[in-house]
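For reference, the structure is listed below as structure tokens.
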2 protein chains.
Amino acid sequence: MTPSETVTAFIRAVERKDLDAALELLGDEISYENMPIQPITGKPGVRATLEAFLGGEVTDVDWQVLRQVESGTTVVNERLDRFRIGDGWLELPVAGVFEVDAAGRITLWRDYFDMNSYVQQRGALTGG
Amino acid sequence: MTPSETVTAFIRAVERKDLDAALELLGDEISYENMPIQPITGKPGVRATLEAFLGGEVTDVDWQVLRQVESGTTVVNERLDRFRIGDGWLELPVAGVFEVDAAGRITLWRDYFDMNSYVQQRGALTGG
């Protein structure tokens, strides 16, 4: 797989909530960085974060890749990450930067987004 | 200039607060989108926004381009946008998506960032 194909496969695994398949595509030294908060390092931390992010009231996950550009080992995409909660969808605009190593594992996953957009929609959809 | 060189020239003009040079690199139909807020369309709106953003207490502008990737007419960069206010620097992590037309004008400038990171730092540096 090319770096871009690896990132696409990772996104698709996340959408299926198939964390085993998703984690298989990450390097052991993975740094997962949601820019407004502290980075998470290593697969166990990524798994725990994704379980929280995709679990609970979230019944469906639909991450739409609007643009994806590859250059060497770097992949950048522009996404609309959608989470179904109850009768509504939380929709979060995201720009993601990925680094993929020679073995085809993602070693950096850095997402840029507005945290308040996430928090406010989540509150509205969960009523809390 | 390539699309990537056009984007770099635009960023450098912004750093110099040379709005005439910056606006010269934009198409008349420019859409300037700070993702947490409403898009701004057209050069007069971009000029007014940049004057507000770069003016007032901001004495220096230093936008560090950490990565920049080009594919066709699309340019994506990862930046640390720094603004000097008084004795301190406001530092905002940003991912930017640009489209450059055949005439070498930027028609889309879309920045992803955490609005609270900007607002809180600005408040701390201006004391308000």
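Residues are named by chain letter and number: chains run A, B, ... in the order of the structure tokens, numbers start at 1 in each chain, and ligands are numbered from 1 in the order shown.
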Please identify the helix (DSSP H, G or I) residues within range 47-124 of chain A (assignment by DSSP from backbone atoms) and present them as a list in words. Arg47, Ala48, Thr49, Leu50, Glu51, Ala52, Phe53, Leu54, Met115, Asn116, Ser117, Tyr118, Val119, Gln120, Gln121, Arg122, Gly123 and Ala124 of chain A
After a least-squares superposition on chain B over all sequentially paired C-alpha atoms, what is chain A as a PDB file with C-alpha atoms, in the first residue's frame?
ATOM      1  CA  MET A   1       5.340  30.579  -9.630  1.00  0.00           C
ATOM      2  CA  THR A   2       4.051  27.120  -8.725  1.00  0.00           C
ATOM      3  CA  PRO A   3       0.944  26.915  -6.491  1.00  0.00           C
ATOM      4  CA  SER A   4       3.220  26.158  -3.528  1.00  0.00           C
ATOM      5  CA  GLU A   5       5.431  29.171  -4.297  1.00  0.00           C
ATOM      6  CA  THR A   6       2.335  31.378  -4.561  1.00  0.00           C
ATOM      7  CA  VAL A   7       1.151  30.268  -1.113  1.00  0.00           C
ATOM      8  CA  THR A   8       4.616  30.855   0.355  1.00  0.00           C
ATOM      9  CA  ALA A   9       4.742  34.358  -1.168  1.00  0.00           C
ATOM     10  CA  PHE A  10       1.302  35.060   0.309  1.00  0.00           C
ATOM     11  CA  ILE A  11       2.363  33.927   3.791  1.00  0.00           C
ATOM     12  CA  ARG A  12       5.522  36.056   3.588  1.00  0.00           C
ATOM     13  CA  ALA A  13       3.489  39.141   2.573  1.00  0.00           C
ATOM     14  CA  VAL A  14       1.164  38.587   5.530  1.00  0.00           C
ATOM     15  CA  GLU A  15       4.192  38.387   7.850  1.00  0.00           C
ATOM     16  CA  ARG A  16       5.398  41.766   6.512  1.00  0.00           C
ATOM     17  CA  LYS A  17       1.833  43.093   7.024  1.00  0.00           C
ATOM     18  CA  ASP A  18       2.048  44.063   3.335  1.00  0.00           C
ATOM     19  CA  LEU A  19      -1.648  43.694   2.560  1.00  0.00           C
ATOM     20  CA  ASP A  20      -1.324  45.163  -0.945  1.00  0.00           C
ATOM     21  CA  ALA A  21       1.164  42.444  -1.910  1.00  0.00           C
ATOM     22  CA  ALA A  22      -0.888  39.759  -0.155  1.00  0.00           C
ATOM     23  CA  LEU A  23      -4.184  40.790  -1.814  1.00  0.00           C
ATOM     24  CA  GLU A  24      -2.461  40.862  -5.233  1.00  0.00           C
ATOM     25  CA  LEU A  25      -2.011  37.066  -4.897  1.00  0.00           C
ATOM     26  CA  LEU A  26      -5.735  36.433  -4.290  1.00  0.00           C
ATOM     27  CA  GLY A  27      -8.437  35.887  -6.898  1.00  0.00           C
ATOM     28  CA  ASP A  28     -11.436  38.238  -6.846  1.00  0.00           C
ATOM     29  CA  GLU A  29     -13.673  35.321  -5.843  1.00  0.00           C
ATOM     30  CA  ILE A  30     -11.428  34.368  -2.900  1.00  0.00           C
ATOM     31  CA  SER A  31     -13.146  32.400  -0.139  1.00  0.00           C
ATOM     32  CA  TYR A  32     -11.305  32.822   3.179  1.00  0.00           C
ATOM     33  CA  GLU A  33     -12.547  30.265   5.660  1.00  0.00           C
ATOM     34  CA  ASN A  34     -11.552  30.136   9.308  1.00  0.00           C
ATOM     35  CA  MET A  35     -13.347  26.894  10.005  1.00  0.00           C
ATOM     36  CA  PRO A  36     -14.873  27.772  13.392  1.00  0.00           C
ATOM     37  CA  ILE A  37     -16.577  30.875  11.910  1.00  0.00           C
ATOM     38  CA  GLN A  38     -18.395  31.997   8.753  1.00  0.00           C
ATOM     39  CA  PRO A  39     -16.468  32.172   5.437  1.00  0.00           C
ATOM     40  CA  ILE A  40     -15.426  35.574   4.106  1.00  0.00           C
ATOM     41  CA  THR A  41     -15.816  36.105   0.360  1.00  0.00           C
ATOM     42  CA  GLY A  42     -13.984  38.655  -1.781  1.00  0.00           C
ATOM     43  CA  LYS A  43     -10.871  40.785  -1.344  1.00  0.00           C
ATOM     44  CA  PRO A  44     -12.415  43.681   0.652  1.00  0.00           C
ATOM     45  CA  GLY A  45     -13.578  41.266   3.342  1.00  0.00           C
ATOM     46  CA  VAL A  46     -10.204  39.525   3.463  1.00  0.00           C
ATOM     47  CA  ARG A  47      -8.438  42.894   3.787  1.00  0.00           C
ATOM     48  CA  ALA A  48     -10.671  44.019   6.652  1.00  0.00           C
ATOM     49  CA  THR A  49     -10.192  40.692   8.450  1.00  0.00           C
ATOM     50  CA  LEU A  50      -6.413  40.726   8.055  1.00  0.00           C
ATOM     51  CA  GLU A  51      -6.238  44.344   9.200  1.00  0.00           C
ATOM     52  CA  ALA A  52      -8.053  43.352  12.385  1.00  0.00           C
ATOM     53  CA  PHE A  53      -6.040  40.159  12.807  1.00  0.00           C
ATOM     54  CA  LEU A  54      -2.614  41.733  12.248  1.00  0.00           C
ATOM     55  CA  GLY A  55      -3.303  45.178  13.681  1.00  0.00           C
ATOM     56  CA  GLY A  56      -3.995  46.544  17.139  1.00  0.00           C
ATOM     57  CA  GLU A  57      -1.571  45.225  19.732  1.00  0.00           C
ATOM     58  CA  VAL A  58       0.164  42.874  17.274  1.00  0.00           C
ATOM     59  CA  THR A  59       3.676  44.256  16.686  1.00  0.00           C
ATOM     60  CA  ASP A  60       5.227  41.289  14.842  1.00  0.00           C
ATOM     61  CA  VAL A  61       3.890  38.406  12.769  1.00  0.00           C
ATOM     62  CA  ASP A  62       5.874  35.171  12.342  1.00  0.00           C
ATOM     63  CA  TRP A  63       4.056  32.350  10.540  1.00  0.00           C
ATOM     64  CA  GLN A  64       6.271  29.280  10.576  1.00  0.00           C
ATOM     65  CA  VAL A  65       5.495  26.777   7.820  1.00  0.00           C
ATOM     66  CA  LEU A  66       6.309  23.350   9.301  1.00  0.00           C
ATOM     67  CA  ARG A  67       5.196  21.263   6.321  1.00  0.00           C
ATOM     68  CA  GLN A  68       3.822  22.200   2.908  1.00  0.00           C
ATOM     69  CA  VAL A  69       2.516  19.714   0.354  1.00  0.00           C
ATOM     70  CA  GLU A  70       1.353  20.489  -3.194  1.00  0.00           C
ATOM     71  CA  SER A  71      -0.797  18.332  -5.447  1.00  0.00           C
ATOM     72  CA  GLY A  72      -2.075  19.864  -8.668  1.00  0.00           C
ATOM     73  CA  THR A  73      -3.833  23.105  -7.777  1.00  0.00           C
ATOM     74  CA  THR A  74      -4.098  22.210  -4.062  1.00  0.00           C
ATOM     75  CA  VAL A  75      -1.562  23.286  -1.444  1.00  0.00           C
ATOM     76  CA  VAL A  76      -1.805  22.167   2.176  1.00  0.00           C
ATOM     77  CA  ASN A  77       0.419  23.425   4.941  1.00  0.00           C
ATOM     78  CA  GLU A  78       0.940  22.920   8.640  1.00  0.00           C
ATOM     79  CA  ARG A  79       1.896  26.118  10.412  1.00  0.00           C
ATOM     80  CA  LEU A  80       2.624  27.716  13.735  1.00  0.00           C
ATOM     81  CA  ASP A  81       1.147  31.208  13.355  1.00  0.00           C
ATOM     82  CA  ARG A  82       2.852  33.480  15.886  1.00  0.00           C
ATOM     83  CA  PHE A  83       1.756  37.008  16.835  1.00  0.00           C
ATOM     84  CA  ARG A  84       3.854  39.218  19.104  1.00  0.00           C
ATOM     85  CA  ILE A  85       1.673  41.123  21.582  1.00  0.00           C
ATOM     86  CA  GLY A  86       3.499  43.195  24.176  1.00  0.00           C
ATOM     87  CA  ASP A  87       6.257  41.078  25.716  1.00  0.00           C
ATOM     88  CA  GLY A  88       4.788  37.729  24.655  1.00  0.00           C
ATOM     89  CA  TRP A  89       3.938  35.632  21.628  1.00  0.00           C
ATOM     90  CA  LEU A  90       0.537  34.172  20.832  1.00  0.00           C
ATOM     91  CA  GLU A  91       1.234  30.811  19.123  1.00  0.00           C
ATOM     92  CA  LEU A  92      -1.525  29.135  17.141  1.00  0.00           C
ATOM     93  CA  PRO A  93      -1.154  25.696  15.478  1.00  0.00           C
ATOM     94  CA  VAL A  94      -2.922  25.814  12.093  1.00  0.00           C
ATOM     95  CA  ALA A  95      -3.500  23.522   9.113  1.00  0.00           C
ATOM     96  CA  GLY A  96      -4.233  25.470   5.916  1.00  0.00           C
ATOM     97  CA  VAL A  97      -5.787  24.302   2.644  1.00  0.00           C
ATOM     98  CA  PHE A  98      -5.329  26.485  -0.449  1.00  0.00           C
ATOM     99  CA  GLU A  99      -6.534  26.310  -4.046  1.00  0.00           C
ATOM    100  CA  VAL A 100      -4.574  28.258  -6.676  1.00  0.00           C
ATOM    101  CA  ASP A 101      -6.097  28.935 -10.113  1.00  0.00           C
ATOM    102  CA  ALA A 102      -4.401  28.804 -13.524  1.00  0.00           C
ATOM    103  CA  ALA A 103      -3.624  32.535 -13.319  1.00  0.00           C
ATOM    104  CA  GLY A 104      -1.658  31.959 -10.096  1.00  0.00           C
ATOM    105  CA  ARG A 105      -4.260  33.494  -7.777  1.00  0.00           C
ATOM    106  CA  ILE A 106      -5.391  31.907  -4.534  1.00  0.00           C
ATOM    107  CA  THR A 107      -9.151  31.240  -4.702  1.00  0.00           C
ATOM    108  CA  LEU A 108      -9.530  29.273  -1.460  1.00  0.00           C
ATOM    109  CA  TRP A 109      -7.788  29.806   1.881  1.00  0.00           C
ATOM    110  CA  ARG A 110      -9.203  27.509   4.569  1.00  0.00           C
ATOM    111  CA  ASP A 111      -7.575  27.347   8.024  1.00  0.00           C
ATOM    112  CA  TYR A 112      -8.274  24.672  10.656  1.00  0.00           C
ATOM    113  CA  PHE A 113      -7.428  25.613  14.259  1.00  0.00           C
ATOM    114  CA  ASP A 114      -8.789  25.668  17.784  1.00  0.00           C
ATOM    115  CA  MET A 115     -10.515  29.006  18.344  1.00  0.00           C
ATOM    116  CA  ASN A 116     -10.244  28.809  22.134  1.00  0.00           C
ATOM    117  CA  SER A 117      -6.452  28.479  21.890  1.00  0.00           C
ATOM    118  CA  TYR A 118      -6.435  31.828  20.091  1.00  0.00           C
ATOM    119  CA  VAL A 119      -8.968  33.590  22.311  1.00  0.00           C
ATOM    120  CA  GLN A 120      -7.419  32.482  25.604  1.00  0.00           C
ATOM    121  CA  GLN A 121      -3.861  33.430  24.638  1.00  0.00           C
ATOM    122  CA  ARG A 122      -4.994  36.771  23.258  1.00  0.00           C
ATOM    123  CA  GLY A 123      -6.864  37.508  26.479  1.00  0.00           C
ATOM    124  CA  ALA A 124      -3.837  36.600  28.592  1.00  0.00           C
ATOM    125  CA  LEU A 125      -1.491  38.782  26.521  1.00  0.00           C
ATOM    126  CA  THR A 126      -3.759  41.811  26.325  1.00  0.00           C
ATOM    127  CA  GLY A 127      -4.961  41.457  29.901  1.00  0.00           C
ATOM    128  CA  GLY A 128      -8.599  41.425  28.809  1.00  0.00           C
TER     129      GLY A 128
END
